[in-house]
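Source file: run-v8.csv; contents: CSV, C-alpha atoms and all ligand atoms.
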chain,number,residue,atom,x,y,z
A,217,MET,CA,7.1,157.1,-32.2
A,218,LYS,CA,6.8,160.3,-30.1
A,219,LYS,CA,9.4,162.9,-31.2
A,220,LYS,CA,11.7,163.9,-28.2
A,221,PRO,CA,11.4,167.6,-27.6
A,222,ASN,CA,14.6,169.7,-28.0
A,223,PHE,CA,15.3,172.0,-25.1
A,224,GLU,CA,17.8,174.9,-24.7
A,225,ILE,CA,18.4,176.3,-21.3
A,226,LEU,CA,17.5,180.0,-20.9
A,227,PHE,CA,17.6,180.7,-17.2
A,228,ASN,CA,19.0,178.4,-14.5
A,229,LYS,CA,17.8,178.0,-10.9
A,230,ALA,CA,20.3,180.6,-9.5
A,231,GLN,CA,19.3,183.2,-12.0
A,232,ILE,CA,15.6,182.7,-11.4
A,233,GLN,CA,15.9,182.8,-7.6
A,234,LYS,CA,18.1,185.9,-7.7
A,235,ARG,CA,15.6,187.8,-9.8
A,236,ILE,CA,12.6,186.6,-7.7
A,237,ASN,CA,14.4,187.9,-4.6
A,238,GLN,CA,15.0,191.3,-6.2
A,239,ILE,CA,11.3,191.6,-7.2
A,240,GLY,CA,10.3,190.4,-3.7
A,241,CYS,CA,12.4,193.2,-2.2
A,242,SER,CA,10.9,195.9,-4.5
A,243,ILE,CA,7.3,194.8,-3.7
A,244,SER,CA,8.1,194.7,0.0
A,245,LYS,CA,9.4,198.3,-0.1
A,246,ASN,CA,6.3,199.4,-2.0
A,247,PHE,CA,3.7,197.9,0.3
A,248,THR,CA,4.9,198.8,3.8
A,249,THR,CA,1.6,200.1,5.3
A,250,GLU,CA,-1.2,198.1,3.8
A,251,ILE,CA,-1.5,194.3,3.2
A,252,PRO,CA,-1.7,193.5,-0.5
A,253,ILE,CA,-3.6,190.6,-2.1
A,254,LEU,CA,-1.4,188.6,-4.5
A,255,VAL,CA,-3.4,186.9,-7.1
A,256,CYS,CA,-1.9,183.8,-8.8
A,257,VAL,CA,-2.9,183.3,-12.4
A,258,LEU,CA,-3.2,179.5,-12.7
A,259,ASN,CA,-1.8,177.3,-14.0
A,260,GLY,CA,1.5,178.6,-15.2
A,261,SER,CA,2.3,181.0,-12.3
A,262,PHE,CA,2.0,178.5,-9.4
A,263,ILE,CA,5.7,177.8,-8.9
A,264,PHE,CA,6.8,181.4,-9.5
A,265,PHE,CA,4.1,182.5,-7.2
A,266,ALA,CA,5.1,180.2,-4.4
A,267,ASP,CA,8.7,181.4,-4.5
A,268,LEU,CA,7.7,185.1,-4.9
A,269,ILE,CA,5.4,185.2,-1.8
A,270,ARG,CA,8.2,183.5,0.2
A,271,SER,CA,10.6,186.2,-0.9
A,272,LEU,CA,8.4,189.0,0.6
A,273,SER,CA,9.3,190.5,3.9
A,274,ILE,CA,5.8,192.0,4.4
A,275,ASP,CA,2.5,190.5,5.3
A,276,CYS,CA,0.3,189.5,2.4
A,277,GLU,CA,-2.9,187.6,1.5
A,278,ILE,CA,-3.2,185.3,-1.5
A,279,ASP,CA,-5.9,184.3,-3.9
A,280,PHE,CA,-6.1,182.3,-7.2
A,281,LEU,CA,-7.8,182.5,-10.5
A,282,LYS,CA,-7.6,180.4,-13.7
A,283,VAL,CA,-7.6,181.5,-17.3
A,284,SER,CA,-6.9,179.6,-20.4
A,285,SER,CA,-6.2,180.5,-24.0
A,286,TYR,CA,-3.4,178.3,-25.2
A,287,ARG,CA,-3.4,174.9,-27.1
A,288,GLY,CA,0.1,173.6,-27.6
A,289,LYS,CA,2.4,176.4,-28.8
A,290,LYS,CA,-0.4,178.6,-30.2
A,291,THR,CA,-2.8,180.9,-28.5
A,292,THR,CA,-6.5,180.4,-29.4
A,293,GLY,CA,-6.9,184.2,-28.8
A,294,LYS,CA,-10.0,183.5,-26.8
A,295,ILE,CA,-9.5,184.0,-23.1
A,296,ILE,CA,-11.7,181.9,-20.8
A,297,LEU,CA,-12.0,182.6,-17.1
A,298,GLU,CA,-12.2,179.1,-15.7
A,299,LYS,CA,-12.0,180.0,-12.0
A,300,ASP,CA,-12.5,183.4,-10.4
A,301,ILE,CA,-11.0,184.8,-7.2
A,302,SER,CA,-13.0,184.4,-4.0
A,303,PHE,CA,-12.0,187.5,-2.0
A,304,ASN,CA,-13.8,190.8,-2.0
A,305,ILE,CA,-11.1,193.0,-3.4
A,306,SER,CA,-12.8,196.4,-3.3
A,307,GLY,CA,-10.5,199.0,-1.7
A,308,ARG,CA,-7.6,196.6,-1.6
A,309,HIS,CA,-4.1,196.6,-3.2
A,310,ILE,CA,-4.1,193.9,-5.8
A,311,ILE,CA,-0.9,192.3,-7.3
A,312,ILE,CA,-1.6,190.1,-10.3
A,313,VAL,CA,1.1,187.4,-10.7
A,314,GLU,CA,1.5,186.1,-14.2
A,315,ASP,CA,3.9,183.5,-15.6
A,316,ILE,CA,4.5,185.2,-19.0
A,317,ILE,CA,3.1,188.2,-21.0
A,318,ASP,CA,3.2,187.6,-24.7
A,319,SER,CA,0.6,189.5,-26.8
A,320,GLY,CA,-0.8,191.1,-23.6
A,321,LYS,CA,-4.3,189.9,-24.3
A,322,THR,CA,-4.6,187.9,-21.1
A,323,ILE,CA,-3.2,190.6,-18.8
A,324,ASN,CA,-5.4,193.2,-20.5
A,325,PHE,CA,-8.4,190.9,-19.9
A,326,LEU,CA,-7.5,190.6,-16.2
A,327,LEU,CA,-6.8,194.3,-15.8
A,328,LYS,CA,-10.2,195.2,-17.3
A,329,LYS,CA,-11.9,192.8,-15.0
A,330,PHE,CA,-10.1,194.1,-11.9
A,331,LYS,CA,-10.6,197.7,-12.8
A,332,GLU,CA,-14.4,197.2,-12.4
A,333,LYS,CA,-14.0,196.1,-8.8
A,334,ASN,CA,-12.8,199.3,-7.3
A,335,CYS,CA,-9.4,198.1,-6.1
A,336,ARG,CA,-7.2,200.6,-4.3
A,337,SER,CA,-4.4,199.8,-6.7
A,338,ILE,CA,-3.5,197.1,-9.3
A,339,SER,CA,0.1,196.0,-10.0
A,340,VAL,CA,1.3,193.3,-12.3
A,341,VAL,CA,4.2,190.9,-11.7
A,342,ALA,CA,5.3,188.7,-14.6
A,343,MET,CA,8.1,186.2,-14.5
A,344,LEU,CA,8.7,186.7,-18.2
A,345,LYS,CA,7.7,189.2,-20.9
A,346,LYS,CA,8.2,188.6,-24.6
A,347,SER,CA,9.4,191.6,-26.6
A,348,ASN,CA,7.1,191.9,-29.6
A,349,LYS,CA,5.9,194.4,-32.1
A,350,PHE,CA,3.1,195.5,-29.8
A,351,ASN,CA,5.4,196.6,-27.0
A,352,PHE,CA,3.4,198.2,-24.2
A,353,GLN,CA,4.3,199.2,-20.7
A,354,LEU,CA,1.9,198.6,-17.9
A,355,ILE,CA,1.8,200.9,-14.8
A,356,ASN,CA,3.0,199.3,-11.6
A,357,GLU,CA,4.8,196.5,-13.5
A,358,TYR,CA,7.5,194.2,-12.2
A,359,ILE,CA,9.1,192.0,-14.8
A,360,GLY,CA,11.5,189.1,-14.1
A,361,PHE,CA,13.1,188.8,-17.6
A,362,GLU,CA,12.4,190.2,-21.0
A,363,ILE,CA,12.8,187.4,-23.6
A,364,LYS,CA,12.6,187.0,-27.4
A,365,GLN,CA,9.6,185.6,-29.3
A,366,GLU,CA,10.3,182.0,-28.4
A,367,PHE,CA,8.2,179.3,-26.8
A,368,VAL,CA,9.5,178.6,-23.3
A,369,VAL,CA,8.7,175.8,-20.8
A,370,GLY,CA,9.7,174.9,-17.2
A,371,PHE,CA,9.3,176.5,-13.8
A,372,GLY,CA,5.5,176.2,-14.1
A,373,LEU,CA,5.3,176.8,-17.9
A,374,ASP,CA,3.9,173.9,-19.9
A,375,TYR,CA,3.7,172.5,-23.4
A,376,ASN,CA,0.4,170.7,-23.5
A,377,GLN,CA,0.5,170.4,-19.7
A,378,ARG,CA,4.0,168.8,-19.7
A,379,PHE,CA,7.3,170.2,-18.4
A,380,ARG,CA,5.9,172.4,-15.6
A,381,ASN,CA,8.1,170.6,-13.1
A,382,LEU,CA,11.4,171.5,-14.7
A,383,LYS,CA,13.5,173.5,-12.3
A,384,GLU,CA,14.9,175.8,-15.0
A,385,ILE,CA,13.4,177.8,-17.9
A,386,TYR,CA,14.0,176.3,-21.3
A,387,ILE,CA,13.3,177.3,-25.0
A,388,LEU,CA,11.4,174.6,-26.7
A,389,LYS,CA,12.8,174.3,-30.2
B,401,LIG,P1,-0.8,186.6,-24.0
B,401,LIG,O1,-2.3,186.6,-23.7
B,401,LIG,O2,-0.1,187.7,-23.3
B,401,LIG,O3,-0.6,186.5,-25.4
B,401,LIG,O4,-0.3,185.2,-23.4
B,401,LIG,C1,-0.3,185.0,-22.1
B,401,LIG,C2,-0.4,183.5,-21.7
B,401,LIG,O5,-0.1,182.6,-22.7
B,401,LIG,C3,0.5,183.2,-20.6
B,401,LIG,O6,-0.1,183.5,-19.3
B,401,LIG,C4,0.9,181.8,-20.8
B,401,LIG,O7,0.0,181.0,-20.1
B,401,LIG,C5,0.7,181.6,-22.3
B,401,LIG,N1,2.1,181.7,-23.0
B,401,LIG,C6,2.5,182.7,-23.7
B,401,LIG,N2,3.7,182.5,-24.2
B,401,LIG,C7,4.1,181.3,-23.7
B,401,LIG,C8,5.3,180.5,-23.8
B,401,LIG,O8,6.3,180.8,-24.4
B,401,LIG,N3,5.3,179.3,-23.2
B,401,LIG,C9,4.2,178.9,-22.4
B,401,LIG,N4,4.3,177.7,-21.8
B,401,LIG,N5,3.1,179.6,-22.3
B,401,LIG,C10,3.0,180.8,-22.9
B,402,MG,MG,-0.4,182.6,-17.7

Would you mind writing the file's structure down as structure tokens?
Amino acid sequence: MKKKPNFEILFNKAQIQKRINQIGCSISKNFTTEIPILVCVLNGSFIFFADLIRSLSIDCEIDFLKVSSYRGKKTTGKIILEKDISFNISGRHIIIVEDIIDSGKTINFLLKKFKEKNCRSISVVAMLKKSNKFNFQLINEYIGFEIKQEFVVGFGLDYNQRFRNLKEIYILK
């Protein structure tokens, strides 16, 4: 028989929405003159992304890319770009929207890739960031919540593709 997963709530709907609105406000203040392109990192960011762009009071464009590295609760360490963006981003302000930063490998992979494209600026928004022994600070970074080294699901985040549709963020025990 399949073992039932054990969840512990970490952030509820109100907490998540409040924080998204705060981040949306900061981004809107920082991009008043030029239209940024927000890039959704699939799959995990799609729900956060949809709420974030609707919290902006400025004009924006959107694009999508897809990377994968995780199997179950473990990273394979190898990042694969499964789908690239379709816009020409040279000279544009780019805002990469991630679900969660853990080791930083995925975001560093993406930053390296975008830096080769002559963007005007690159910012990073992550709904969650895990505090770990390799703590690093990115420039132009907006973080929803800093969390401990625990595996989380819900609000777009999966465990083997499940639980993305949960409205809250949970620790998977
Ligand atoms: P990193 O490359 O920073 O180690 O990991 C980044 C990616 O791993 C995230 O974009 C996310 O897809 C996945 N990931 C890392 N930690 C978690 C977690 O706690 N839960 C889930 N569902 N995915 C995670
Ligand atoms: Mg991700």

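Nearest residue to A:Thr248 among A:Phe262, A:Asn324, A:Lys383, A:Ser273 is A:Ser273, counting only C-alpha atoms.
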
Best match for closeness to A:Ile363 among A:Asp318, A:Asp275, A:Glu384, A:Asp267, counting all atoms listed in the file: A:Asp318

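Near stretch 365-368 of chain A, within a cut-off of 8 Å and counting all atoms listed in the file, sit the residues Lys289, Lys346, Ser347, Asn348, Ile363, Gly370, Leu373, Ile385, Tyr386, Ile387, Leu388 and Lys389 of chain A, with same-chain residues fewer than 2 positions away left out.
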
Distance filter 7 Å around ligand MG 402 (chain B), atoms: all atoms listed in the file, out as a ChimeraX atom specification: /A:257-261,314-316

Please provide the set of residues having any atom within 12 Å of A:Val313, restricted to all atoms listed in the file, with same-chain residues fewer than 3 positions apart removed, written as a PyMOL selection string. chain A and resi 236+239-240+243+253-269+278-282+310+316-317+322-323+326-327+338-344+357-360

Gap from atom CA of A:Ile312 to atom CA of A:Ile225 - Å, one decimal: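 Distance reported for this atom pair: 26.7 Å.
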
Rounded to one decimal in Å, what is the spacing between atom CA of A:Asn237 and atom CA of A:Ile355?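 Value for the atom CA of A:Asn237-atom CA of A:Ile355 distance: 20.8 Å.
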
Exercise: A:Asn381 partners within 8 Å, all atoms listed in the file, chain neighbours under 3 positions left out, as a list in words: Gly370, Phe371, Gly372 and Arg378 of chain A

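Interatomic distance, atom CA of A:Asp374 against atom CA of A:Pro252: 28.1 Å.
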
Between A:Asn222, A:Ser306, A:Gln233, A:Ser284, which is the closest to A:Gln377 once you count all atoms listed in the file?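 The shortest atom-to-atom distance to A:Gln377 comes from A:Ser284.
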
Would you mind telling me which residue in A:Val369, A:Ile311, A:Leu382, A:Val283 lies nearest to ligand LIG 401 (chain B) when using only C-alpha atoms and all ligand atoms?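 Using only C-alpha atoms and all ligand atoms, ligand LIG 401 (chain B) sits closest to A:Val369.
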
Please return stretch 295-306 of chain A, rebuilt to all heavy atoms, as a PDB file, in the frame of the given file.
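File written: out24.pdb
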ATOM      1  N   ILE A 295      -9.911 184.196 -24.466  1.00  0.00           N
ATOM      2  CA  ILE A 295      -9.500 184.000 -23.100  1.00  0.00           C
ATOM      3  C   ILE A 295     -10.778 183.544 -22.277  1.00  0.00           C
ATOM      4  O   ILE A 295     -11.812 184.205 -22.313  1.00  0.00           O
ATOM      5  CB  ILE A 295      -8.906 185.242 -22.469  1.00  0.00           C
ATOM      6  CG1 ILE A 295      -7.605 185.531 -23.217  1.00  0.00           C
ATOM      7  CG2 ILE A 295      -8.630 185.082 -20.998  1.00  0.00           C
ATOM      8  CD1 ILE A 295      -7.340 186.952 -23.438  1.00  0.00           C
ATOM      9  N   ILE A 296     -10.631 182.441 -21.577  1.00  0.00           N
ATOM     10  CA  ILE A 296     -11.700 181.900 -20.800  1.00  0.00           C
ATOM     11  C   ILE A 296     -11.364 181.976 -19.306  1.00  0.00           C
ATOM     12  O   ILE A 296     -10.301 181.484 -18.913  1.00  0.00           O
ATOM     13  CB  ILE A 296     -12.079 180.470 -21.195  1.00  0.00           C
ATOM     14  CG1 ILE A 296     -12.487 180.443 -22.673  1.00  0.00           C
ATOM     15  CG2 ILE A 296     -13.195 179.887 -20.336  1.00  0.00           C
ATOM     16  CD1 ILE A 296     -12.313 179.083 -23.299  1.00  0.00           C
ATOM     17  N   LEU A 297     -12.237 182.607 -18.506  1.00  0.00           N
ATOM     18  CA  LEU A 297     -12.000 182.600 -17.100  1.00  0.00           C
ATOM     19  C   LEU A 297     -12.607 181.338 -16.498  1.00  0.00           C
ATOM     20  O   LEU A 297     -13.806 181.158 -16.428  1.00  0.00           O
ATOM     21  CB  LEU A 297     -12.730 183.848 -16.450  1.00  0.00           C
ATOM     22  CG  LEU A 297     -12.527 184.043 -14.951  1.00  0.00           C
ATOM     23  CD1 LEU A 297     -11.099 184.440 -14.625  1.00  0.00           C
ATOM     24  CD2 LEU A 297     -13.487 185.087 -14.416  1.00  0.00           C
ATOM     25  N   GLU A 298     -11.717 180.433 -16.125  1.00  0.00           N
ATOM     26  CA  GLU A 298     -12.200 179.100 -15.700  1.00  0.00           C
ATOM     27  C   GLU A 298     -12.462 179.075 -14.185  1.00  0.00           C
ATOM     28  O   GLU A 298     -13.233 178.257 -13.712  1.00  0.00           O
ATOM     29  CB  GLU A 298     -11.171 178.044 -16.063  1.00  0.00           C
ATOM     30  CG  GLU A 298     -11.001 177.951 -17.564  1.00  0.00           C
ATOM     31  CD  GLU A 298     -10.312 176.671 -17.982  1.00  0.00           C
ATOM     32  OE1 GLU A 298     -10.486 175.643 -17.322  1.00  0.00           O
ATOM     33  OE2 GLU A 298      -9.585 176.719 -18.978  1.00  0.00           O
ATOM     34  N   LYS A 299     -11.746 179.955 -13.442  1.00  0.00           N
ATOM     35  CA  LYS A 299     -12.000 180.000 -12.000  1.00  0.00           C
ATOM     36  C   LYS A 299     -11.728 181.475 -11.575  1.00  0.00           C
ATOM     37  O   LYS A 299     -10.695 182.034 -11.916  1.00  0.00           O
ATOM     38  CB  LYS A 299     -11.025 179.107 -11.252  1.00  0.00           C
ATOM     39  CG  LYS A 299     -11.229 179.085  -9.758  1.00  0.00           C
ATOM     40  CD  LYS A 299      -9.914 178.895  -8.995  1.00  0.00           C
ATOM     41  CE  LYS A 299     -10.048 179.143  -7.509  1.00  0.00           C
ATOM     42  NZ  LYS A 299     -10.343 180.520  -7.114  1.00  0.00           N
ATOM     43  N   ASP A 300     -12.658 182.059 -10.837  1.00  0.00           N
ATOM     44  CA  ASP A 300     -12.500 183.400 -10.400  1.00  0.00           C
ATOM     45  C   ASP A 300     -11.910 183.479  -8.974  1.00  0.00           C
ATOM     46  O   ASP A 300     -11.891 182.453  -8.286  1.00  0.00           O
ATOM     47  CB  ASP A 300     -13.891 184.133 -10.405  1.00  0.00           C
ATOM     48  CG  ASP A 300     -13.771 185.652 -10.566  1.00  0.00           C
ATOM     49  OD1 ASP A 300     -12.642 186.175 -10.439  1.00  0.00           O
ATOM     50  OD2 ASP A 300     -14.788 186.304 -10.821  1.00  0.00           O
ATOM     51  N   ILE A 301     -11.464 184.669  -8.544  1.00  0.00           N
ATOM     52  CA  ILE A 301     -11.000 184.800  -7.200  1.00  0.00           C
ATOM     53  C   ILE A 301     -12.160 184.727  -6.198  1.00  0.00           C
ATOM     54  O   ILE A 301     -13.309 184.910  -6.602  1.00  0.00           O
ATOM     55  CB  ILE A 301     -10.245 186.171  -6.964  1.00  0.00           C
ATOM     56  CG1 ILE A 301     -11.102 187.335  -7.493  1.00  0.00           C
ATOM     57  CG2 ILE A 301      -8.897 186.168  -7.616  1.00  0.00           C
ATOM     58  CD1 ILE A 301     -10.619 188.669  -7.032  1.00  0.00           C
ATOM     59  N   SER A 302     -11.862 184.500  -4.926  1.00  0.00           N
ATOM     60  CA  SER A 302     -13.000 184.400  -4.000  1.00  0.00           C
ATOM     61  C   SER A 302     -13.055 185.565  -3.005  1.00  0.00           C
ATOM     62  O   SER A 302     -14.061 185.731  -2.323  1.00  0.00           O
ATOM     63  CB  SER A 302     -12.892 183.062  -3.217  1.00  0.00           C
ATOM     64  OG  SER A 302     -11.581 182.621  -3.124  1.00  0.00           O
ATOM     65  N   PHE A 303     -11.980 186.404  -2.930  1.00  0.00           N
ATOM     66  CA  PHE A 303     -12.000 187.500  -2.000  1.00  0.00           C
ATOM     67  C   PHE A 303     -12.826 188.699  -2.518  1.00  0.00           C
ATOM     68  O   PHE A 303     -12.964 188.874  -3.729  1.00  0.00           O
ATOM     69  CB  PHE A 303     -10.587 188.060  -1.781  1.00  0.00           C
ATOM     70  CG  PHE A 303      -9.735 187.208  -0.892  1.00  0.00           C
ATOM     71  CD1 PHE A 303      -8.388 187.536  -0.706  1.00  0.00           C
ATOM     72  CD2 PHE A 303     -10.248 186.102  -0.240  1.00  0.00           C
ATOM     73  CE1 PHE A 303      -7.582 186.759   0.100  1.00  0.00           C
ATOM     74  CE2 PHE A 303      -9.443 185.327   0.574  1.00  0.00           C
ATOM     75  CZ  PHE A 303      -8.104 185.658   0.738  1.00  0.00           C
ATOM     76  N   ASN A 304     -13.303 189.527  -1.581  1.00  0.00           N
ATOM     77  CA  ASN A 304     -13.800 190.800  -2.000  1.00  0.00           C
ATOM     78  C   ASN A 304     -12.630 191.774  -2.032  1.00  0.00           C
ATOM     79  O   ASN A 304     -11.968 192.034  -1.024  1.00  0.00           O
ATOM     80  CB  ASN A 304     -14.833 191.299  -0.882  1.00  0.00           C
ATOM     81  CG  ASN A 304     -15.304 192.706  -1.154  1.00  0.00           C
ATOM     82  OD1 ASN A 304     -15.008 193.306  -2.184  1.00  0.00           O
ATOM     83  ND2 ASN A 304     -16.064 193.245  -0.210  1.00  0.00           N
ATOM     84  N   ILE A 305     -12.341 192.271  -3.220  1.00  0.00           N
ATOM     85  CA  ILE A 305     -11.100 193.000  -3.400  1.00  0.00           C
ATOM     86  C   ILE A 305     -11.312 194.527  -3.469  1.00  0.00           C
ATOM     87  O   ILE A 305     -10.373 195.291  -3.700  1.00  0.00           O
ATOM     88  CB  ILE A 305     -10.324 192.536  -4.651  1.00  0.00           C
ATOM     89  CG1 ILE A 305     -11.194 192.664  -5.911  1.00  0.00           C
ATOM     90  CG2 ILE A 305      -9.854 191.106  -4.458  1.00  0.00           C
ATOM     91  CD1 ILE A 305     -10.419 192.395  -7.180  1.00  0.00           C
ATOM     92  N   SER A 306     -12.532 194.952  -3.248  1.00  0.00           N
ATOM     93  CA  SER A 306     -12.800 196.400  -3.300  1.00  0.00           C
ATOM     94  C   SER A 306     -11.996 197.100  -2.193  1.00  0.00           C
ATOM     95  O   SER A 306     -11.943 196.659  -1.038  1.00  0.00           O
ATOM     96  CB  SER A 306     -14.327 196.568  -3.018  1.00  0.00           C
ATOM     97  OG  SER A 306     -14.592 197.894  -2.720  1.00  0.00           O
TER      98      SER A 306
END
